[in-house]
file input30.cif (mmCIF, C-alpha atoms)
data_query
#
loop_
_atom_site.label_atom_id
_atom_site.label_comp_id
_atom_site.auth_asym_id
_atom_site.auth_seq_id
_atom_site.Cartn_x
_atom_site.Cartn_y
_atom_site.Cartn_z
CA MET A 1 1.78 22.91 -46.39
CA ARG A 2 3.90 24.50 -43.67
CA ARG A 3 5.20 27.85 -44.94
CA GLY A 4 8.66 28.67 -43.63
CA VAL A 5 10.77 31.77 -44.16
CA PHE A 6 14.49 31.56 -43.46
CA VAL A 7 16.54 34.73 -43.08
CA GLY A 8 20.30 34.69 -42.88
CA LEU A 9 23.57 33.61 -44.39
CA ALA A 10 24.16 32.04 -47.80
CA THR A 11 27.62 30.84 -48.76
CA LEU A 12 29.25 28.61 -51.31
CA ASP A 13 30.52 25.59 -49.36
CA VAL A 14 33.51 23.72 -50.79
CA ILE A 15 33.93 20.46 -48.92
CA HIS A 16 36.81 17.98 -48.73
CA ARG A 17 36.79 14.68 -46.88
CA VAL A 18 40.22 13.88 -45.45
CA SER A 19 42.00 11.34 -43.26
CA HIS A 20 43.51 14.17 -41.22
CA ARG A 21 43.68 17.94 -41.33
CA PRO A 22 46.83 19.33 -42.92
CA GLY A 23 49.57 20.77 -40.78
CA PRO A 24 51.84 23.67 -41.71
CA ASP A 25 53.04 23.42 -45.33
CA GLU A 26 51.35 20.02 -45.70
CA LYS A 27 49.15 18.94 -48.59
CA VAL A 28 46.46 16.31 -48.06
CA THR A 29 44.67 14.38 -50.79
CA ALA A 30 40.93 14.30 -50.26
CA SER A 31 38.98 11.05 -50.57
CA TRP A 32 35.80 12.97 -51.50
CA GLN A 33 34.98 16.48 -52.59
CA GLY A 34 31.80 18.40 -53.29
CA TRP A 35 30.11 21.77 -53.12
CA ALA A 36 26.70 23.17 -52.26
CA ALA A 37 25.00 26.29 -51.03
CA GLY A 38 25.61 26.64 -47.31
CA GLY A 39 24.92 28.74 -44.24
CA PRO A 40 22.67 28.01 -41.25
CA ALA A 41 19.45 29.52 -42.61
CA THR A 42 20.19 28.15 -46.09
CA ASN A 43 20.65 24.55 -44.96
CA ALA A 44 17.56 24.79 -42.77
CA ALA A 45 15.53 25.99 -45.77
CA VAL A 46 16.76 23.05 -47.88
CA THR A 47 15.73 20.60 -45.14
CA HIS A 48 12.33 22.25 -44.77
CA ALA A 49 11.69 22.02 -48.51
CA ALA A 50 12.88 18.41 -48.70
CA LEU A 51 10.39 17.46 -45.99
CA GLY A 52 7.58 18.91 -48.07
CA GLY A 53 7.38 22.44 -46.70
CA ASP A 54 7.21 25.70 -48.59
CA ALA A 55 10.64 27.31 -48.05
CA THR A 56 11.67 30.89 -48.82
CA LEU A 57 15.22 32.03 -48.11
CA VAL A 58 15.82 35.77 -47.71
CA THR A 59 19.54 36.44 -47.94
CA ALA A 60 22.25 38.50 -49.66
CA LEU A 61 23.66 37.04 -52.89
CA GLY A 62 24.47 40.08 -55.00
CA ARG A 63 25.47 39.97 -58.65
CA GLY A 64 28.88 38.34 -58.32
CA HIS A 65 29.89 35.25 -60.28
CA LEU A 66 29.13 32.82 -57.45
CA ALA A 67 25.59 34.06 -56.77
CA GLY A 68 24.14 32.24 -59.78
CA LEU A 69 25.65 28.93 -58.71
CA VAL A 70 24.14 29.20 -55.23
CA ALA A 71 20.73 30.34 -56.47
CA ALA A 72 20.52 27.54 -59.04
CA GLU A 73 21.49 24.86 -56.53
CA LEU A 74 18.85 26.07 -54.10
CA ALA A 75 16.20 26.18 -56.83
CA ASP A 76 17.05 22.56 -57.65
CA HIS A 77 16.14 21.71 -54.03
CA GLY A 78 12.85 23.58 -54.01
CA VAL A 79 13.94 26.73 -52.14
CA ARG A 80 12.68 30.10 -53.34
CA VAL A 81 15.42 32.70 -52.94
CA VAL A 82 14.74 36.38 -52.32
CA ASP A 83 17.96 38.34 -52.75
CA ALA A 84 18.00 41.50 -50.65
CA THR A 85 21.05 42.78 -52.57
CA PRO A 86 20.40 42.09 -56.29
CA ASP A 87 22.30 45.18 -57.48
CA LEU A 88 25.23 44.95 -55.07
CA ASP A 89 28.69 43.83 -56.18
CA LEU A 90 28.78 41.45 -53.24
CA ASP A 91 31.73 39.15 -52.60
CA LEU A 92 29.74 36.04 -51.66
CA ALA A 93 31.44 34.15 -48.84
CA VAL A 94 33.14 30.85 -49.68
CA SER A 95 33.38 28.36 -46.83
CA ALA A 96 36.36 25.99 -46.93
CA ILE A 97 35.30 22.85 -45.09
CA THR A 98 37.16 19.69 -44.13
CA VAL A 99 35.39 16.63 -42.78
CA LEU A 100 37.40 13.93 -41.01
CA GLU A 101 36.80 10.42 -42.36
CA ASP A 102 37.03 8.64 -39.00
CA THR A 103 34.68 10.81 -36.96
CA GLY A 104 32.67 12.93 -39.39
CA GLU A 105 33.73 16.06 -37.50
CA ARG A 106 33.97 19.20 -39.59
CA ALA A 107 36.14 22.29 -39.53
CA VAL A 108 35.01 25.46 -41.31
CA VAL A 109 36.84 28.58 -42.44
CA SER A 110 34.60 31.32 -43.84
CA ARG A 111 34.13 35.08 -44.04
CA ASP A 112 30.47 34.53 -43.12
CA ALA A 113 28.36 37.60 -43.88
CA ALA A 114 30.22 40.22 -45.87
CA ALA A 115 30.63 43.66 -44.35
CA HIS A 116 27.53 45.17 -45.94
CA ARG A 117 24.46 46.56 -44.21
CA VAL A 118 21.69 44.49 -45.78
CA THR A 119 18.34 46.27 -45.80
CA PRO A 120 15.03 44.40 -45.96
CA PRO A 121 13.64 43.85 -49.46
CA ALA A 122 10.37 45.61 -50.27
CA GLU A 123 8.44 42.34 -50.38
CA LEU A 124 9.56 41.11 -46.95
CA ALA A 125 6.40 42.18 -45.10
CA ALA A 126 4.17 40.40 -47.61
CA ILE A 127 6.32 37.27 -47.45
CA LEU A 128 6.07 37.14 -43.67
CA ASP A 129 2.34 37.90 -43.68
CA ALA A 130 1.89 34.57 -45.48
CA ALA A 131 4.34 32.61 -43.32
CA ASP A 132 3.69 30.14 -40.53
CA THR A 133 7.20 30.32 -39.14
CA LEU A 134 10.40 32.34 -39.44
CA LEU A 135 13.94 31.23 -38.64
CA VAL A 136 16.77 33.75 -38.29
CA ASP A 137 20.42 32.82 -37.82
CA GLY A 138 21.71 36.26 -36.74
CA HIS A 139 23.76 36.93 -39.86
CA HIS A 140 22.94 40.19 -41.68
CA PRO A 141 21.78 41.71 -38.37
CA HIS A 142 19.68 44.61 -39.69
CA LEU A 143 17.76 42.25 -41.97
CA ALA A 144 17.34 39.68 -39.20
CA VAL A 145 15.85 42.13 -36.70
CA ALA A 146 13.51 43.64 -39.28
CA ALA A 147 12.29 40.17 -40.27
CA ALA A 148 11.72 39.09 -36.67
CA ASP A 149 9.76 42.26 -35.93
CA LEU A 150 7.57 41.85 -39.03
CA ALA A 151 6.96 38.17 -38.30
CA ARG A 152 5.95 38.91 -34.74
CA ARG A 153 3.47 41.54 -35.93
CA ALA A 154 2.09 39.06 -38.48
CA GLY A 155 1.63 36.33 -35.87
CA ALA A 156 4.24 33.95 -37.32
CA GLU A 157 6.39 31.91 -34.94
CA VAL A 158 9.95 33.23 -34.66
CA THR A 159 12.83 30.82 -34.01
CA VAL A 160 16.43 31.91 -33.44
CA ASP A 161 19.30 29.64 -34.49
CA ALA A 162 21.96 30.59 -31.93
CA GLY A 163 25.23 28.95 -32.85
CA ARG A 164 27.51 31.34 -31.00
CA TRP A 165 26.89 34.63 -29.26
CA LYS A 166 26.48 37.63 -31.57
CA PRO A 167 25.51 41.11 -30.34
CA VAL A 168 22.41 41.06 -32.56
CA PHE A 169 20.91 38.36 -30.34
CA ALA A 170 20.28 41.02 -27.69
CA ASP A 171 17.75 42.52 -30.11
CA LEU A 172 16.47 39.26 -31.61
CA MET A 173 15.71 37.22 -28.51
CA PRO A 174 12.96 39.55 -27.17
CA LEU A 175 11.23 39.24 -30.57
CA ALA A 176 11.46 35.44 -30.68
CA ASP A 177 9.31 32.57 -29.46
CA VAL A 178 11.99 29.86 -29.47
CA ALA A 179 15.79 29.68 -29.44
CA ILE A 180 17.58 26.47 -30.39
CA CYS A 181 21.23 26.84 -29.46
CA SER A 182 24.48 24.97 -29.87
CA THR A 183 26.33 23.69 -26.84
CA SER A 184 28.79 26.60 -26.99
CA PHE A 185 26.13 29.33 -26.94
CA ARG A 186 25.89 31.45 -23.81
CA PHE A 187 24.39 34.81 -23.05
CA PRO A 188 27.01 37.22 -21.69
CA ASP A 189 27.59 36.56 -17.98
CA ALA A 190 25.70 33.22 -18.15
CA ALA A 191 28.01 30.60 -16.67
CA THR A 192 25.94 27.50 -17.41
CA ALA A 193 23.34 26.17 -19.81
CA ALA A 194 20.69 26.58 -17.11
CA ASP A 195 21.70 30.22 -16.67
CA THR A 196 21.35 30.75 -20.40
CA ALA A 197 17.90 29.15 -20.39
CA ALA A 198 16.74 31.25 -17.47
CA HIS A 199 17.96 34.41 -19.18
CA GLY A 200 16.23 33.49 -22.44
CA LEU A 201 12.93 32.72 -20.76
CA GLY A 202 13.21 36.00 -18.88
CA LEU A 203 13.40 37.80 -22.22
CA GLY A 204 10.07 36.24 -23.21
CA LEU A 205 11.05 33.06 -25.04
CA ARG A 206 8.52 30.24 -24.90
CA MET A 207 11.29 27.64 -25.05
CA LEU A 208 15.05 27.48 -25.21
CA ALA A 209 16.85 24.29 -26.23
CA ILE A 210 20.55 23.45 -26.33
CA THR A 211 22.06 20.69 -28.46
CA HIS A 212 25.01 18.63 -27.26
CA GLY A 213 26.18 16.60 -30.27
CA ALA A 214 25.41 12.93 -29.65
CA ASP A 215 24.17 13.65 -26.12
CA PRO A 216 20.52 14.49 -25.38
CA VAL A 217 19.11 17.86 -26.35
CA ARG A 218 18.08 19.79 -23.24
CA TRP A 219 15.10 22.12 -23.27
CA TRP A 220 13.50 24.57 -20.84
CA ASN A 221 10.12 26.30 -20.88
CA ARG A 222 8.03 28.16 -18.32
CA GLU A 223 6.65 24.95 -16.86
CA GLY A 224 9.89 23.03 -16.47
CA SER A 225 12.59 21.29 -18.46
CA GLY A 226 13.39 18.02 -20.14
CA GLU A 227 15.63 16.13 -22.55
CA VAL A 228 15.26 14.62 -26.00
CA PRO A 229 17.52 11.59 -26.56
CA VAL A 230 19.61 11.43 -29.73
CA PRO A 231 19.35 8.19 -31.74
CA ALA A 232 22.49 6.05 -31.67
CA VAL A 233 23.90 6.23 -35.20
CA THR A 234 27.32 6.04 -36.80
CA ALA A 235 28.23 9.60 -37.72
CA VAL A 236 30.21 9.97 -40.95
CA ASP A 237 29.55 13.66 -41.69
CA THR A 238 28.30 16.19 -39.12
CA LEU A 239 28.29 19.21 -41.44
CA GLY A 240 24.93 20.97 -41.21
CA ALA A 241 23.40 18.61 -38.63
CA GLY A 242 22.20 21.48 -36.46
CA ASP A 243 20.82 23.27 -39.50
CA ALA A 244 18.85 20.14 -40.40
CA LEU A 245 17.36 20.12 -36.90
CA HIS A 246 16.26 23.74 -37.32
CA GLY A 247 14.67 23.11 -40.70
CA ALA A 248 12.80 20.09 -39.38
CA TRP A 249 11.66 22.03 -36.30
CA CYS A 250 10.15 24.70 -38.54
CA PHE A 251 8.38 22.02 -40.61
CA ALA A 252 6.97 20.02 -37.69
CA GLU A 253 3.72 20.63 -35.87
CA GLY A 254 2.52 19.62 -32.41
CA ASP A 255 3.87 20.40 -28.96
CA ASP A 256 7.40 21.69 -28.53
CA PRO A 257 9.03 18.48 -27.19
CA SER A 258 7.58 16.38 -30.03
CA ARG A 259 8.70 18.93 -32.63
CA LEU A 260 12.16 18.93 -31.08
CA ALA A 261 12.25 15.13 -31.15
CA PHE A 262 11.34 15.19 -34.85
CA GLY A 263 14.18 17.62 -35.49
CA VAL A 264 16.63 15.43 -33.58
CA ASP A 265 15.60 12.40 -35.65
CA VAL A 266 16.14 14.33 -38.89
CA ALA A 267 19.57 15.55 -37.72
CA ALA A 268 20.53 11.99 -36.81
CA ARG A 269 19.69 10.88 -40.34
CA ARG A 270 21.78 13.69 -41.78
CA VAL A 271 25.04 12.57 -40.11
CA THR A 272 24.83 9.03 -41.54
CA ARG A 273 25.55 10.10 -45.14
CA VAL A 274 28.58 11.73 -46.73
CA GLY A 275 28.01 15.07 -48.41
CA PRO A 276 25.64 18.00 -47.97
CA ARG A 277 22.67 16.71 -49.98
CA ASP A 278 22.70 12.89 -50.44
CA TRP A 279 21.18 12.42 -46.99
CA LEU A 280 17.95 14.12 -48.07
CA SER A 281 16.82 10.82 -49.58
CA LEU A 282 16.58 9.44 -46.02
CA LEU A 283 13.90 11.91 -44.96
CA PRO A 284 10.46 10.53 -44.08
CA PRO A 285 7.78 11.15 -46.73
CA SER A 286 5.57 14.15 -46.08
#
call {"tool": "encode", "arguments": {"input": "input30.cif", "output": "structure tokens"}}
result
Amino acid sequence: MRRGVFVGLATLDVIHRVSHRPGPDEKVTASWQGWAAGGPATNAAVTHAALGGDATLVTALGRGHLAGLVAAELADHGVRVVDATPDLDLDLAVSAITVLEDTGERAVVSRDAAAHRVTPPAELAAILDAADTLLVDGHHPHLAVAAADLARRAGAEVTVDAGRWKPVFADLMPLADVAICSTSFRFPDAATAADTAAHGLGLGLRMLAITHGADPVRWWNREGSGEVPVPAVTAVDTLGAGDALHGAWCFAEGDDPSRLAFGVDVAARRVTRVGPRDWLSLLPPS
């Protein structure tokens, strides 16, 4: 069983499906509503567990009222949660999400990681000693860098989920093996995707990949570059599609392009179902 550790943001996602986003002073009636634990590392951990992997999420929940809801929902989906802040009166972030019925496109408003310095839990080194792979999303920066450093020392693969530039990535990228980035991610002063790839490889990455929605995923390594096509599907809900790719990447084995192709296939399945969890039934058996 592939043992994955996921370090980063946990939120409570409240999701509404709407015909259009409300304008000023407008109220819109949703055609669907739901909630789930969210955050890049969190959704990746859920995907990894659903595929049959061993998934541990290291995050900051605290002892607020919402923490129990998030922890219970993750336990229901086979994710072990290690809370780095069990005694902290943490205001867990709530993400308000709208998904458009016609296109599946999502809009998110969230506080993301609360303004607390999250220190590594005492058991983190032991957790990473037993891991095959680590994914960090850059939230809770001090925790993320500590985890990447420990994983590198333990010989576990380190993958960075780079959605948008954060200063912590300057410290994380030199500790990582792989970065899988969204189309909007750029290193400072990198004008193009190719510039970003060259910079990442120069920092020591084995591979850098950039997703482009329904367009092919581009990847670069030290030998060259290539593309992974995205299956043609009807997208009804794109929330967490990139996170699903990351979780599947961490679960997969083989060479990098084949692992990336597996992740793309899983992400394509995700967007064909409404809601954050129903799509998990579409995953291939482990």
call {"tool": "resolve_selection", "arguments": {"input": "input30.cif", "expression": "the PyMOL selection byres ((chain A and resi 186) around 12)", "output": "VMD selection string"}}
result
chain A and resid 162 to 167 169 to 170 179 to 185 187 to 200 208 to 210
call {"tool": "residues_around", "arguments": {"input": "input30.cif", "residues": "stretch 55-63 of chain A", "least_positions_apart": "4", "cutoff": "6 Å", "atoms": "all atoms listed in the file", "output": "PyMOL selection string"}}
result
chain A and resi 4-8+45+49+67+79-86+88-90
call {"tool": "write_last_selection", "arguments": {"input": "input30.cif", "atoms": "C-alpha atoms", "output": "PDB file, in the frame of the given file"}}
result
ATOM      1  CA  GLY A   4       8.660  28.670 -43.630  1.00  0.00           C
ATOM      2  CA  VAL A   5      10.770  31.770 -44.160  1.00  0.00           C
ATOM      3  CA  PHE A   6      14.490  31.560 -43.460  1.00  0.00           C
ATOM      4  CA  VAL A   7      16.540  34.730 -43.080  1.00  0.00           C
ATOM      5  CA  GLY A   8      20.300  34.690 -42.880  1.00  0.00           C
ATOM      6  CA  ALA A  45      15.530  25.990 -45.770  1.00  0.00           C
ATOM      7  CA  ALA A  49      11.690  22.020 -48.510  1.00  0.00           C
ATOM      8  CA  ALA A  67      25.590  34.060 -56.770  1.00  0.00           C
ATOM      9  CA  VAL A  79      13.940  26.730 -52.140  1.00  0.00           C
ATOM     10  CA  ARG A  80      12.680  30.100 -53.340  1.00  0.00           C
ATOM     11  CA  VAL A  81      15.420  32.700 -52.940  1.00  0.00           C
ATOM     12  CA  VAL A  82      14.740  36.380 -52.320  1.00  0.00           C
ATOM     13  CA  ASP A  83      17.960  38.340 -52.750  1.00  0.00           C
ATOM     14  CA  ALA A  84      18.000  41.500 -50.650  1.00  0.00           C
ATOM     15  CA  THR A  85      21.050  42.780 -52.570  1.00  0.00           C
ATOM     16  CA  PRO A  86      20.400  42.090 -56.290  1.00  0.00           C
ATOM     17  CA  LEU A  88      25.230  44.950 -55.070  1.00  0.00           C
ATOM     18  CA  ASP A  89      28.690  43.830 -56.180  1.00  0.00           C
ATOM     19  CA  LEU A  90      28.780  41.450 -53.240  1.00  0.00           C
TER      20      LEU A  90
END
call {"tool": "atom_distance", "arguments": {"input": "input30.cif", "atom1": "atom CA of A:Val264", "atom2": "atom CA of A:Ala244"}}
result
8.6 Å
call {"tool": "resolve_selection", "arguments": {"input": "input30.cif", "expression": "the PyMOL selection byres ((chain A and resi 134) around 7)", "output": "JSON, numbers by chain"}}
result
{"A": [4, 5, 6, 133, 135, 136, 151, 156, 157, 158, 159]}
call {"tool": "closest_residue", "arguments": {"input": "input30.cif", "among": "A:Val178, A:Ala113, A:Ala44, A:Ala30", "to": "A:Thr11", "atoms": "all atoms listed in the file"}}
result
A:Ala113
call {"tool": "atom_distance", "arguments": {"input": "input30.cif", "atom1": "atom CA of A:Arg259", "atom2": "atom CA of A:Glu105"}}
result
25.7 Å
call {"tool": "atom_distance", "arguments": {"input": "input30.cif", "atom1": "atom CA of A:Thr47", "atom2": "atom CA of A:Trp35"}}
result
16.5 Å
call {"tool": "residues_near_point", "arguments": {"input": "input30.cif", "point": "(8.3, 20.8, -50.4)", "cutoff": "9 Å", "atoms": "all atoms listed in the file", "output": "PyMOL selection string"}}
result
chain A and resi 1-2+48-55+77-79+286
